[in-house]
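Presented below is the structure to which this report refers.
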Amino acid sequence: MAENNKSRKHREAAYKAWKTIRKRRMEEGARLTERLERFFSPRQIARVAHPEDIAPLVVDRGVSPYRYIIKPFSKVPPSIVCGRFWELRWAYGCIYDCAYCYLRGTCRGDMKPRYVRVEHVLKALDQVFSDPLFNGGKPALFNSGELSDSLMKPDFMEKIADKFAEQDRHKLLLLTKCGPAAVGFLLRRFRRNVVCAWSVNAVKVARLWERAPSPEERIEAARLVREAGYPVWIRIDPIFPIEDWEIHYEHLLYKLLSRLTPTRIILGTPRGLRKTLLYAKKAGVDMSWADFFKDGERTEWGLKLPFEIRRRIYLFIAEKLRELGYDIGKVTICKETVEMWRSLGWKYVPGACQCYGDHVVGLYT
Ligand code: SF4
């Protein structure tokens, strides 16, 4: 019996020692990961300039630091139907590497993610939430997916989502191409004031030029969070007129609407901004997506597909959505010309970003 007790004590001591070593290794691993990750200070993130920005970049000194992290995006010329929206600059770069991504230009070719330490982001949010004059006193939508994929670091985003759940005025937009693995925190506990948006595309387009989870996985992730009670927007953007594009996109719409009913749908066609093209070429990615700009329209928002092709795409998708019983009053288009909106006869909110402008808060959120 004494022998048995001795060996049990031995086993317990060995187990305890192993647990301590494992804990130490895990802590060391976390420290190493942190060291490997690249961080940006709030001031550095404030300096990130969209290359096509028409407004001069001003990094105010002596103002509340939230202005470094929460910045207006307001760069559109009057011929493009868009307007100001708010960027939540919590990270910069992306873990994916889609061939056509506009971030290539913004990141000047270096897509490797950099993060703002989450404590700074939370502090900025505290400041903005307690500022009655922010956004002219109106509720705002904070787009966390303009300089990165919103769900590429779920542990950071969980803390940010928690912060939005503490108030009831402003909303957080998560824009992503991630799959179900990234939405665990949203499913474990429902957070108020969080709007989820997935960027999806036809399977063939995704295979050719996207480096992210498959459209099926993204739709599954969207379905899961929709079922959990979040508003879910879908961006089908950029829509490429590949061979038999009608069949490919019709298939996508069937698949999408058979799994969930999105709160709204945003459509877009490829934008060939000068710096996007330049840095995509430099990175040596497959540039065949840029062939679609041949005979395209030169707009104040870069190259676009020919006008008539874009128009056909929008009308086709709207018609299919209508056939599937989707309310096309909830469909909008991104960064399109005034001329295109007029020719479609669709209603827009003048001077506002149609996707993330103030008018969408409360309407689709
Ligand atoms: S997932 Fe989005 S942000 Fe990331 S590389 Fe692709 S298009 Fe760019």
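By order of appearance in the structure tokens: chains A, B, ..., then residues from 1 within every chain, and ligands from 1 in the order shown.
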
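Environment of ligand 1, defined as every protein or nucleic acid residue with an atom within 8 Å of it and counting only C-alpha atoms and all ligand atoms, comprises A:Gly93, A:Cys94, A:Ile95, A:Tyr96, A:Asp97, A:Cys98, A:Ala99, A:Tyr100, A:Cys101, A:Tyr102, A:Leu103, A:Arg104, A:Met111, A:Gly145, A:Glu146, A:Leu147, A:Ser148, A:Asp149, A:Thr176, A:Lys177, A:Cys178, A:Ser199, A:Glu210, A:Arg211, A:Ala212.
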
Keeping N, CA and C atoms, export the residues of the selection given above as a PDB file, in the first residue's frame.
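The result, stored in out.pdb:
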```pdb
ATOM      1  N   GLY A  93      -3.059  45.652 -43.865  1.00  0.00           N
ATOM      2  CA  GLY A  93      -2.538  44.483 -44.578  1.00  0.00           C
ATOM      3  C   GLY A  93      -3.503  43.330 -44.429  1.00  0.00           C
ATOM      4  N   CYS A  94      -3.189  42.214 -45.070  1.00  0.00           N
ATOM      5  CA  CYS A  94      -4.147  41.103 -45.036  1.00  0.00           C
ATOM      6  C   CYS A  94      -3.415  39.770 -45.066  1.00  0.00           C
ATOM      7  N   ILE A  95      -4.005  38.766 -44.395  1.00  0.00           N
ATOM      8  CA  ILE A  95      -3.384  37.434 -44.390  1.00  0.00           C
ATOM      9  C   ILE A  95      -3.620  36.744 -45.733  1.00  0.00           C
ATOM     10  N   TYR A  96      -4.591  37.215 -46.496  1.00  0.00           N
ATOM     11  CA  TYR A  96      -4.821  36.617 -47.813  1.00  0.00           C
ATOM     12  C   TYR A  96      -4.017  37.434 -48.817  1.00  0.00           C
ATOM     13  N   ASP A  97      -4.193  37.156 -50.050  1.00  0.00           N
ATOM     14  CA  ASP A  97      -3.341  37.853 -51.005  1.00  0.00           C
ATOM     15  C   ASP A  97      -4.040  37.823 -52.367  1.00  0.00           C
ATOM     16  N   CYS A  98      -5.248  38.342 -52.399  1.00  0.00           N
ATOM     17  CA  CYS A  98      -6.026  38.256 -53.634  1.00  0.00           C
ATOM     18  C   CYS A  98      -5.354  39.095 -54.725  1.00  0.00           C
ATOM     19  N   ALA A  99      -5.346  38.535 -55.924  1.00  0.00           N
ATOM     20  CA  ALA A  99      -4.586  39.164 -57.005  1.00  0.00           C
ATOM     21  C   ALA A  99      -5.061  40.590 -57.297  1.00  0.00           C
ATOM     22  N   TYR A 100      -6.363  40.823 -57.194  1.00  0.00           N
ATOM     23  CA  TYR A 100      -6.914  42.113 -57.612  1.00  0.00           C
ATOM     24  C   TYR A 100      -7.022  43.135 -56.476  1.00  0.00           C
ATOM     25  N   CYS A 101      -6.573  42.773 -55.281  1.00  0.00           N
ATOM     26  CA  CYS A 101      -6.898  43.574 -54.094  1.00  0.00           C
ATOM     27  C   CYS A 101      -6.356  45.011 -54.154  1.00  0.00           C
ATOM     28  N   TYR A 102      -7.233  45.977 -53.861  1.00  0.00           N
ATOM     29  CA  TYR A 102      -6.833  47.390 -53.885  1.00  0.00           C
ATOM     30  C   TYR A 102      -5.832  47.713 -52.776  1.00  0.00           C
ATOM     31  N   LEU A 103      -5.808  46.827 -51.750  1.00  0.00           N
ATOM     32  CA  LEU A 103      -4.885  47.090 -50.635  1.00  0.00           C
ATOM     33  C   LEU A 103      -3.424  47.066 -51.087  1.00  0.00           C
ATOM     34  N   ARG A 104      -3.155  46.393 -52.192  1.00  0.00           N
ATOM     35  CA  ARG A 104      -1.777  46.372 -52.702  1.00  0.00           C
ATOM     36  C   ARG A 104      -1.259  47.795 -52.890  1.00  0.00           C
ATOM     37  N   MET A 111       1.843  43.475 -48.152  1.00  0.00           N
ATOM     38  CA  MET A 111       0.522  43.091 -47.638  1.00  0.00           C
ATOM     39  C   MET A 111       0.595  42.421 -46.269  1.00  0.00           C
ATOM     40  N   GLY A 145     -12.970  46.787 -41.995  1.00  0.00           N
ATOM     41  CA  GLY A 145     -12.434  45.944 -43.068  1.00  0.00           C
ATOM     42  C   GLY A 145     -11.936  46.725 -44.267  1.00  0.00           C
ATOM     43  N   GLU A 146     -11.563  47.983 -44.049  1.00  0.00           N
ATOM     44  CA  GLU A 146     -11.104  48.771 -45.195  1.00  0.00           C
ATOM     45  C   GLU A 146      -9.604  48.623 -45.418  1.00  0.00           C
ATOM     46  N   LEU A 147      -8.857  48.433 -44.333  1.00  0.00           N
ATOM     47  CA  LEU A 147      -7.401  48.302 -44.465  1.00  0.00           C
ATOM     48  C   LEU A 147      -6.928  46.879 -44.170  1.00  0.00           C
ATOM     49  N   SER A 148      -7.853  45.970 -44.003  1.00  0.00           N
ATOM     50  CA  SER A 148      -7.492  44.592 -43.639  1.00  0.00           C
ATOM     51  C   SER A 148      -8.751  43.737 -43.725  1.00  0.00           C
ATOM     52  N   ASP A 149      -8.588  42.434 -43.502  1.00  0.00           N
ATOM     53  CA  ASP A 149      -9.766  41.580 -43.341  1.00  0.00           C
ATOM     54  C   ASP A 149     -10.148  41.646 -41.861  1.00  0.00           C
ATOM     55  N   THR A 176     -15.265  40.608 -44.259  1.00  0.00           N
ATOM     56  CA  THR A 176     -14.317  39.490 -44.249  1.00  0.00           C
ATOM     57  C   THR A 176     -14.492  38.527 -45.415  1.00  0.00           C
ATOM     58  N   LYS A 177     -13.431  37.757 -45.615  1.00  0.00           N
ATOM     59  CA  LYS A 177     -13.520  36.584 -46.508  1.00  0.00           C
ATOM     60  C   LYS A 177     -13.194  35.321 -45.706  1.00  0.00           C
ATOM     61  N   CYS A 178     -13.211  35.412 -44.399  1.00  0.00           N
ATOM     62  CA  CYS A 178     -12.855  34.259 -43.566  1.00  0.00           C
ATOM     63  C   CYS A 178     -13.973  33.216 -43.565  1.00  0.00           C
ATOM     64  N   SER A 199     -17.577  39.043 -48.142  1.00  0.00           N
ATOM     65  CA  SER A 199     -17.278  39.262 -49.550  1.00  0.00           C
ATOM     66  C   SER A 199     -17.239  37.881 -50.199  1.00  0.00           C
ATOM     67  N   GLU A 210      -8.520  34.736 -56.001  1.00  0.00           N
ATOM     68  CA  GLU A 210      -8.612  34.996 -54.554  1.00  0.00           C
ATOM     69  C   GLU A 210      -7.782  33.968 -53.800  1.00  0.00           C
ATOM     70  N   ARG A 211      -7.237  34.363 -52.692  1.00  0.00           N
ATOM     71  CA  ARG A 211      -6.433  33.441 -51.857  1.00  0.00           C
ATOM     72  C   ARG A 211      -7.049  33.399 -50.467  1.00  0.00           C
ATOM     73  N   ALA A 212      -8.284  33.031 -50.415  1.00  0.00           N
ATOM     74  CA  ALA A 212      -9.032  33.075 -49.149  1.00  0.00           C
ATOM     75  C   ALA A 212      -9.869  31.799 -49.077  1.00  0.00           C
TER      76      ALA A 212
END
```

Taking the chain letters and numbering used in this document, name the residues of region 70-249 of chain A that DSSP puts in strand (DSSP E or B), as a PyMOL selection string.
chain A and resi 70-73+80-81+84-88+91-92+114-116+141-143+171-176+194-200+232-236

Need the shell around Ile69 (chain A): protein/DNA/RNA residues with any atom at most 7 Å away, counting only C-alpha atoms. Skip same-chain ones fewer than 5 positions apart. Format as JSON, numbers by chain?
{"A": [42, 45, 46, 88, 89, 90, 121, 124]}

In region 179-350 of chain A, DSSP alpha helix (DSSP H) residues written as a PyMOL selection string:
chain A and resi 184-188+203-209+215-227+245-259+274-283+307-323+338-344

12 Å contact set for region 247-260 of chain A, only C-alpha atoms, chain neighbours under 4 positions out, as an NGL selection string:
:A and (198-206 or 214-243 or 264-265 or 267 or 313-314 or 316-327)

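Nearest to Ser74 (chain A) of all the residues A:His50, A:Ile309, A:Asn193, A:Gln127 is A:His50, based on only C-alpha atoms.
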
Excluding region 154-157 of chain A and its own-chain neighbours fewer than 3 positions away, which residues fall within 8 Å of it when counting only C-alpha atoms? Please give them as a list in words.
Val118, Ser150, Leu151, Ile160, Ala161, Ala182, Val183 and Phe185 of chain A

Generate a file of the selected residues that holds C-alpha atoms, formatted as an mmCIF file, in the first residue's frame.
```cif
data_model
loop_
_atom_site.group_PDB
_atom_site.id
_atom_site.type_symbol
_atom_site.label_atom_id
_atom_site.label_comp_id
_atom_site.auth_asym_id
_atom_site.auth_seq_id
_atom_site.Cartn_x
_atom_site.Cartn_y
_atom_site.Cartn_z
ATOM 1 C CA VAL A 118 -5.712 46.435 -29.097
ATOM 2 C CA SER A 150 -11.812 42.193 -40.192
ATOM 3 C CA LEU A 151 -11.612 38.614 -38.934
ATOM 4 C CA ILE A 160 -13.291 45.297 -30.143
ATOM 5 C CA ALA A 161 -16.739 43.721 -30.568
ATOM 6 C CA ALA A 182 -12.952 32.735 -37.526
ATOM 7 C CA VAL A 183 -16.485 33.255 -36.221
ATOM 8 C CA PHE A 185 -16.348 34.248 -30.748
#
```

With only C-alpha atoms as the atoms that count, which of A:Gly184, A:Gly345, A:Pro72, A:Pro77 lies nearest to Leu141 (chain A)?
A:Pro72

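You can rank A:Ile80, A:Trp209, A:Leu363, A:Leu174 by their closest distance to Glu339 (chain A) using only C-alpha atoms, and at the top of that list sits A:Ile80.
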
One decimal place gives the CA of Arg191 (chain A)-CA of Thr365 (chain A) separation as 12.7 Å

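Among the candidates A:Cys353, A:Cys196, A:Ala165, A:Leu303, the residue lying nearest to Leu273 (chain A) is A:Leu303 (atoms considered: only C-alpha atoms).
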
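CA of Ser144 (chain A) is positioned 10.5 Å from CA of Lys171 (chain A).
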
Identify which of the residues A:Pro213, A:Tyr92, A:Leu175, A:Pro270 lies closest to Ile333 (chain A), counting only C-alpha atoms when measuring atom-to-atom distances.
A:Pro270

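Note that the spacing between CA of Cys334 (chain A) and CA of Arg84 (chain A) amounts to 13.0 Å.
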